[in-house]
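Reviewing the structure listed below.
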Amino acid sequence: MHVAVCGGGNAAHTLMAFLGSRADVQTALYAPYRDEAARWQRGVMWRGGIVAHTAQGLVVGRPDQITNQPEEVIPAADVVILALPAFAHRVVLEAIAPYLKAGVWLGAMPARGGFLWEVEAVLGSRVKDIVVFGLQTLPWACRIRTFGQDVDVLGTKHVVDMAIKPPSLAQRLSTYLSDWFNVKIQPVRSFLALGLADVGQIIHPGIMYGLFRDWDGTPFPEPPLFYQGMDEATAAILDAMSNEVLSIRRALEAAYPHLDLSAVRHVGEWIRRTYQGSIRDESSLHCCFVTNESYRGIRAPVRPVDGGYVPDFQARYLSEDVPFGLLVTRGIAELAGVPTPTIDAVITWAQEKLGREYLRDGRVAGRDVAETRAPQRFGHKRLQVES
């Protein structure tokens, strides 16, 4: 099995350690940005591979090939995994598209909302010859320790949802991925379900909003804790956002009785299901976050300034999870006629911090919608529901 991983960040490091340690998988890394491929080559040569530091011990894997040229690795790949932030998906898809062979399995981890629409837009009629899949989230909480050498796996999820088209191949792929990642990969019925079920779109922008909406500009002496620094009011925001997503689910199921959106869960159910054994106190949503050992020590995204640290509003918790997650869900809600006041408040605040306009006059019609994966960006004026 030939697997090509596209990317160079936290997820790519972890994938290279896990996949590169297997005798039954040949691995290649396509790292397209700046000098990342050269830095990977130097690091792997010096370290002898990529070392993942896990709670169970070290996992060491060595990529068979590292390059910044897609034509060197993509044509032979049986599986191509985009281990990239969603805002990089399109440019990488366009770079690798000419070299994808018929029958290749092309996926993203995480996929975020609208991934299938993006693949269809780039590949056009060729998409019928390709298996497309996506994971709802990364199987791990992971952070690079030394670029091209070491990665810390801070926590491993108990189960991760996956969508695939055609769905008839779901069990086969989930078996492979579960074995490769040592995490249960659970198929869901559609990419619509996967996108609505993406809790990153709730958790990341919601906590950023809760932590920093009243920030007065004074630098923090040290970066605040992200998940474990949230208060009860922020937990209430996540609860309200999640309930609005469930309202979208109910409206869609009522309109389309054949639709299976059972994968779309409340964020409280998701965190208890995903982090079984890692949470000390499950008595409330707030407690689930602040007592989750897999979140221990993870800090909010910040920038150093004179006098301390200030929030980094361009970090992926807003720059990825709003235009490629929360706004996709908001666009679906608009097509379904479902009000989302809390989600609207978070997007309105986030777009100001990002210097973007997604919502205008209460609609997904801002000047920057073309840079997102909202259904309106792809010209959808009515719901197109997968069977």
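To be explicit about the labels: the chains of the structure tokens are called A, B, and onward in the order shown, and within each one the residues are counted from 1, while ligands get numbers from 1 in the order they are shown.
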
Can I get the residues of segment 116-212 of chain A within 10 Å of segment 42-58 of chain A, each with the closest pair of atoms and their distance in Å to one decimal, using only C-alpha atoms, sorted chain first then ascending number, as JSON lines?
{"residue": "A:Cys142", "atom": "CA", "partner": "A:Ala52", "partner_atom": "CA", "distance": 9.1}
{"residue": "A:Arg143", "atom": "CA", "partner": "A:Ala52", "partner_atom": "CA", "distance": 9.8}
{"residue": "A:Ile144", "atom": "CA", "partner": "A:Ala52", "partner_atom": "CA", "distance": 9.1}
{"residue": "A:Arg145", "atom": "CA", "partner": "A:His53", "partner_atom": "CA", "distance": 9.2}
{"residue": "A:Thr146", "atom": "CA", "partner": "A:Gly43", "partner_atom": "CA", "distance": 8.5}
{"residue": "A:Phe147", "atom": "CA", "partner": "A:Gly43", "partner_atom": "CA", "distance": 7.1}
{"residue": "A:Gly148", "atom": "CA", "partner": "A:Gly43", "partner_atom": "CA", "distance": 4.5}
{"residue": "A:Gln149", "atom": "CA", "partner": "A:Ile50", "partner_atom": "CA", "distance": 4.8}
{"residue": "A:Asp150", "atom": "CA", "partner": "A:Val51", "partner_atom": "CA", "distance": 4.7}
{"residue": "A:Val151", "atom": "CA", "partner": "A:Ala52", "partner_atom": "CA", "distance": 4.9}
{"residue": "A:Asp152", "atom": "CA", "partner": "A:His53", "partner_atom": "CA", "distance": 4.9}
{"residue": "A:Val153", "atom": "CA", "partner": "A:Thr54", "partner_atom": "CA", "distance": 5.1}
{"residue": "A:Leu154", "atom": "CA", "partner": "A:Thr54", "partner_atom": "CA", "distance": 7.0}
{"residue": "A:Gly155", "atom": "CA", "partner": "A:Thr54", "partner_atom": "CA", "distance": 7.9}
{"residue": "A:Thr156", "atom": "CA", "partner": "A:Thr54", "partner_atom": "CA", "distance": 8.9}

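Taking only segment 142-281 of chain A, the residues that DSSP calls strand (DSSP E) from the backbone come to Cys142, Arg143, Ile144, Arg145, Thr146, Asp150, Val151, Asp152, Val153, Leu154, Gly155, Thr156, Val159, Val160, Asp161, Met162, Ala163, Ile164, Lys165, Lys184, Ile185, Gln186 and Pro187 of chain A.
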
Kindly export the residues of the current selection with C-alpha atoms, as a short mmCIF file (atom, residue, chain, number, x, y, z; two decimals), in the first residue's frame.
data_model
loop_
_atom_site.label_atom_id
_atom_site.label_comp_id
_atom_site.auth_asym_id
_atom_site.auth_seq_id
_atom_site.Cartn_x
_atom_site.Cartn_y
_atom_site.Cartn_z
CA CYS A 142 -0.49 16.54 18.76
CA ARG A 143 2.17 19.23 18.69
CA ILE A 144 5.55 19.31 16.93
CA ARG A 145 8.43 19.12 19.39
CA THR A 146 11.27 19.56 16.87
CA ASP A 150 9.82 14.78 16.99
CA VAL A 151 6.11 15.19 17.72
CA ASP A 152 4.25 14.96 21.03
CA VAL A 153 0.98 13.00 20.96
CA LEU A 154 -0.74 14.68 23.91
CA GLY A 155 -3.92 12.64 23.73
CA THR A 156 -5.64 10.06 21.54
CA VAL A 159 -13.40 7.29 18.21
CA VAL A 160 -13.36 9.54 15.13
CA ASP A 161 -16.12 9.80 12.52
CA MET A 162 -15.43 9.42 8.81
CA ALA A 163 -17.42 10.01 5.62
CA ILE A 164 -16.64 8.42 2.26
CA LYS A 165 -18.04 8.50 -1.24
CA LYS A 184 -11.67 3.50 16.11
CA ILE A 185 -12.71 5.15 12.84
CA GLN A 186 -16.51 5.18 12.65
CA PRO A 187 -18.22 5.62 9.26
#

*Find, counting only C-alpha atoms, the residue in A:Val25, A:Cys6, A:Val80, A:Ala121 that gets nearest to Arg62 of chain A.*
A:Val25

*Any idea what's packed within 10 Å of Ser319 of chain A, counting only C-alpha atoms, ignoring anything in its chain fewer than 5 positions away? Could you give it as a list in words?*
Pro85, Ala86, Phe87, Pro205, Phe313, Gln314, Phe324, Gly325, Ala350, Gln351, Lys353, Leu354 and Arg356 of chain A

Output C-alpha atoms for every residue in the selection just made, as a PDB file, in the first residue's frame.
ATOM      1  CA  PRO A  85      -5.593  23.229   7.347  1.00  0.00           C
ATOM      2  CA  ALA A  86      -8.727  23.551   5.250  1.00  0.00           C
ATOM      3  CA  PHE A  87      -7.661  26.884   3.756  1.00  0.00           C
ATOM      4  CA  PRO A 205     -14.475  29.792  17.564  1.00  0.00           C
ATOM      5  CA  PHE A 313      -6.922  36.218  15.886  1.00  0.00           C
ATOM      6  CA  GLN A 314      -5.419  34.973  12.607  1.00  0.00           C
ATOM      7  CA  PHE A 324     -14.432  26.269   6.493  1.00  0.00           C
ATOM      8  CA  GLY A 325     -16.630  25.107   9.334  1.00  0.00           C
ATOM      9  CA  ALA A 350     -14.859  36.582  14.328  1.00  0.00           C
ATOM     10  CA  GLN A 351     -15.165  38.214  10.913  1.00  0.00           C
ATOM     11  CA  LYS A 353     -11.206  40.077  14.105  1.00  0.00           C
ATOM     12  CA  LEU A 354     -10.204  38.397  10.833  1.00  0.00           C
ATOM     13  CA  ARG A 356     -13.300  39.602   6.613  1.00  0.00           C
TER      14      ARG A 356
END

*Within 10 Å of Ile298 of chain A, counting only C-alpha atoms, which residues qualify if same-chain residues fewer than 2 places away don't, as a ChimeraX atom specification?*
/A:141,143,154,223-229,294-296,300-301

Could you save those same residues with N, CA and C atoms as a short mmCIF file (atom, residue, chain, number, x, y, z; two decimals), in the first residue's frame?
data_model
loop_
_atom_site.label_atom_id
_atom_site.label_comp_id
_atom_site.auth_asym_id
_atom_site.auth_seq_id
_atom_site.Cartn_x
_atom_site.Cartn_y
_atom_site.Cartn_z
N ALA A 141 -4.53 14.74 19.67
CA ALA A 141 -4.06 16.08 19.99
C ALA A 141 -2.55 16.00 19.92
N ARG A 143 1.41 18.00 18.89
CA ARG A 143 2.17 19.23 18.69
C ARG A 143 3.62 18.86 18.33
N LEU A 154 -0.29 14.29 22.58
CA LEU A 154 -0.74 14.68 23.91
C LEU A 154 -1.95 13.88 24.35
N PRO A 223 0.56 33.09 28.06
CA PRO A 223 -0.58 32.65 27.25
C PRO A 223 -1.62 31.93 28.11
N PRO A 224 -2.89 32.34 28.04
CA PRO A 224 -3.91 31.66 28.84
C PRO A 224 -4.18 30.25 28.35
N LEU A 225 -4.60 29.40 29.26
CA LEU A 225 -5.03 28.07 28.86
C LEU A 225 -6.24 28.19 27.95
N PHE A 226 -6.32 27.31 26.97
CA PHE A 226 -7.43 27.38 26.01
C PHE A 226 -8.62 26.57 26.51
N TYR A 227 -8.56 25.26 26.39
CA TYR A 227 -9.69 24.43 26.81
C TYR A 227 -9.91 24.49 28.32
N GLN A 228 -8.84 24.36 29.07
CA GLN A 228 -8.98 24.30 30.51
C GLN A 228 -9.06 25.69 31.14
N GLY A 229 -8.99 26.73 30.33
CA GLY A 229 -9.16 28.08 30.84
C GLY A 229 -10.55 28.63 30.62
N SER A 294 -6.48 15.11 28.20
CA SER A 294 -5.92 15.27 26.86
C SER A 294 -5.75 16.74 26.49
N TYR A 295 -6.43 17.63 27.21
CA TYR A 295 -6.31 19.06 26.95
C TYR A 295 -5.31 19.74 27.89
N ARG A 296 -4.71 18.98 28.75
CA ARG A 296 -3.85 19.58 29.78
C ARG A 296 -2.72 20.43 29.16
N ALA A 300 -3.96 29.03 24.55
CA ALA A 300 -4.65 29.77 23.50
C ALA A 300 -3.63 30.31 22.50
N PRO A 301 -4.02 30.48 21.25
CA PRO A 301 -3.11 31.05 20.27
C PRO A 301 -2.83 32.53 20.57
#

*What residues in segment 151-354 of chain A get the DSSP label alpha helix (DSSP H)? Please answer as JSON, numbers by chain.*
{"A": [170, 171, 172, 173, 174, 175, 176, 177, 178, 179, 180, 181, 191, 192, 193, 194, 195, 196, 200, 201, 202, 203, 204, 205, 206, 207, 208, 209, 210, 211, 212, 232, 233, 234, 235, 236, 237, 238, 239, 240, 241, 242, 243, 244, 245, 246, 247, 248, 249, 250, 251, 252, 253, 254, 255, 267, 268, 269, 270, 271, 272, 273, 274, 285, 286, 287, 288, 289, 290, 316, 317, 318, 319, 327, 328, 329, 330, 331, 332, 333, 334, 335, 336, 341, 342, 343, 344, 345, 346, 347, 348, 349, 350, 351, 352, 353, 354]}

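Note that atom CA of Arg316 of chain A and atom CA of Glu357 of chain A are 16.8 Å apart.
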
Using only C-alpha atoms, tabulate the residues of segment 315-352 of chain A lying at most 9 Å from any atom of segment 234-248 of chain A, each with its closest atom pair and that distance in Å to one decimal, by chain and increasing residue number, as a tab-separated table.
residue	atom	partner	partner_atom	distance
A:Thr329	CA	A:Val245	CA	7.6
A:Arg330	CA	A:Val245	CA	8.8
A:Ile332	CA	A:Ile248	CA	7.9
A:Ala333	CA	A:Ile248	CA	6.0
A:Ala336	CA	A:Ile248	CA	7.3
A:Gly337	CA	A:Ile248	CA	8.7
A:Val338	CA	A:Ile248	CA	6.1
A:Pro339	CA	A:Glu244	CA	7.8
A:Thr340	CA	A:Glu244	CA	5.8
A:Pro341	CA	A:Glu244	CA	8.2
A:Thr342	CA	A:Met241	CA	5.8
A:Ile343	CA	A:Met241	CA	5.7

*Distance criterion (only C-alpha atoms): nearest to Arg126 of chain A out of A:Gly103, A:Leu82, A:Gly113, A:Ala108*: A:Gly103

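Candidate residues A:Tyr317, A:Trp180, A:Phe115, A:Trp270 were compared for distance to Leu192 of chain A, and the nearest is A:Phe115, using only C-alpha atoms.
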
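The closest residue to Leu19 of chain A, picked from A:Val3, A:Leu135, A:Val199, A:Val369 and counting only C-alpha atoms, is A:Val3.
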
*Long-range neighbours of segment 344-348 of chain A as a list in words, 8 Å cut-off, only C-alpha atoms, 5 positions minimum in chain*: Pro205, Gly206, Tyr209, Val322, Leu326, Leu327, Arg330, Tyr358, Leu359 and Gly362 of chain A

*Residues near Gln276 of chain A, cut-off 12 Å, only C-alpha atoms, skip fewer than 3 positions along chain, as a ChimeraX atom specification*: /A:155-159,269-273,279-282,288,292-294
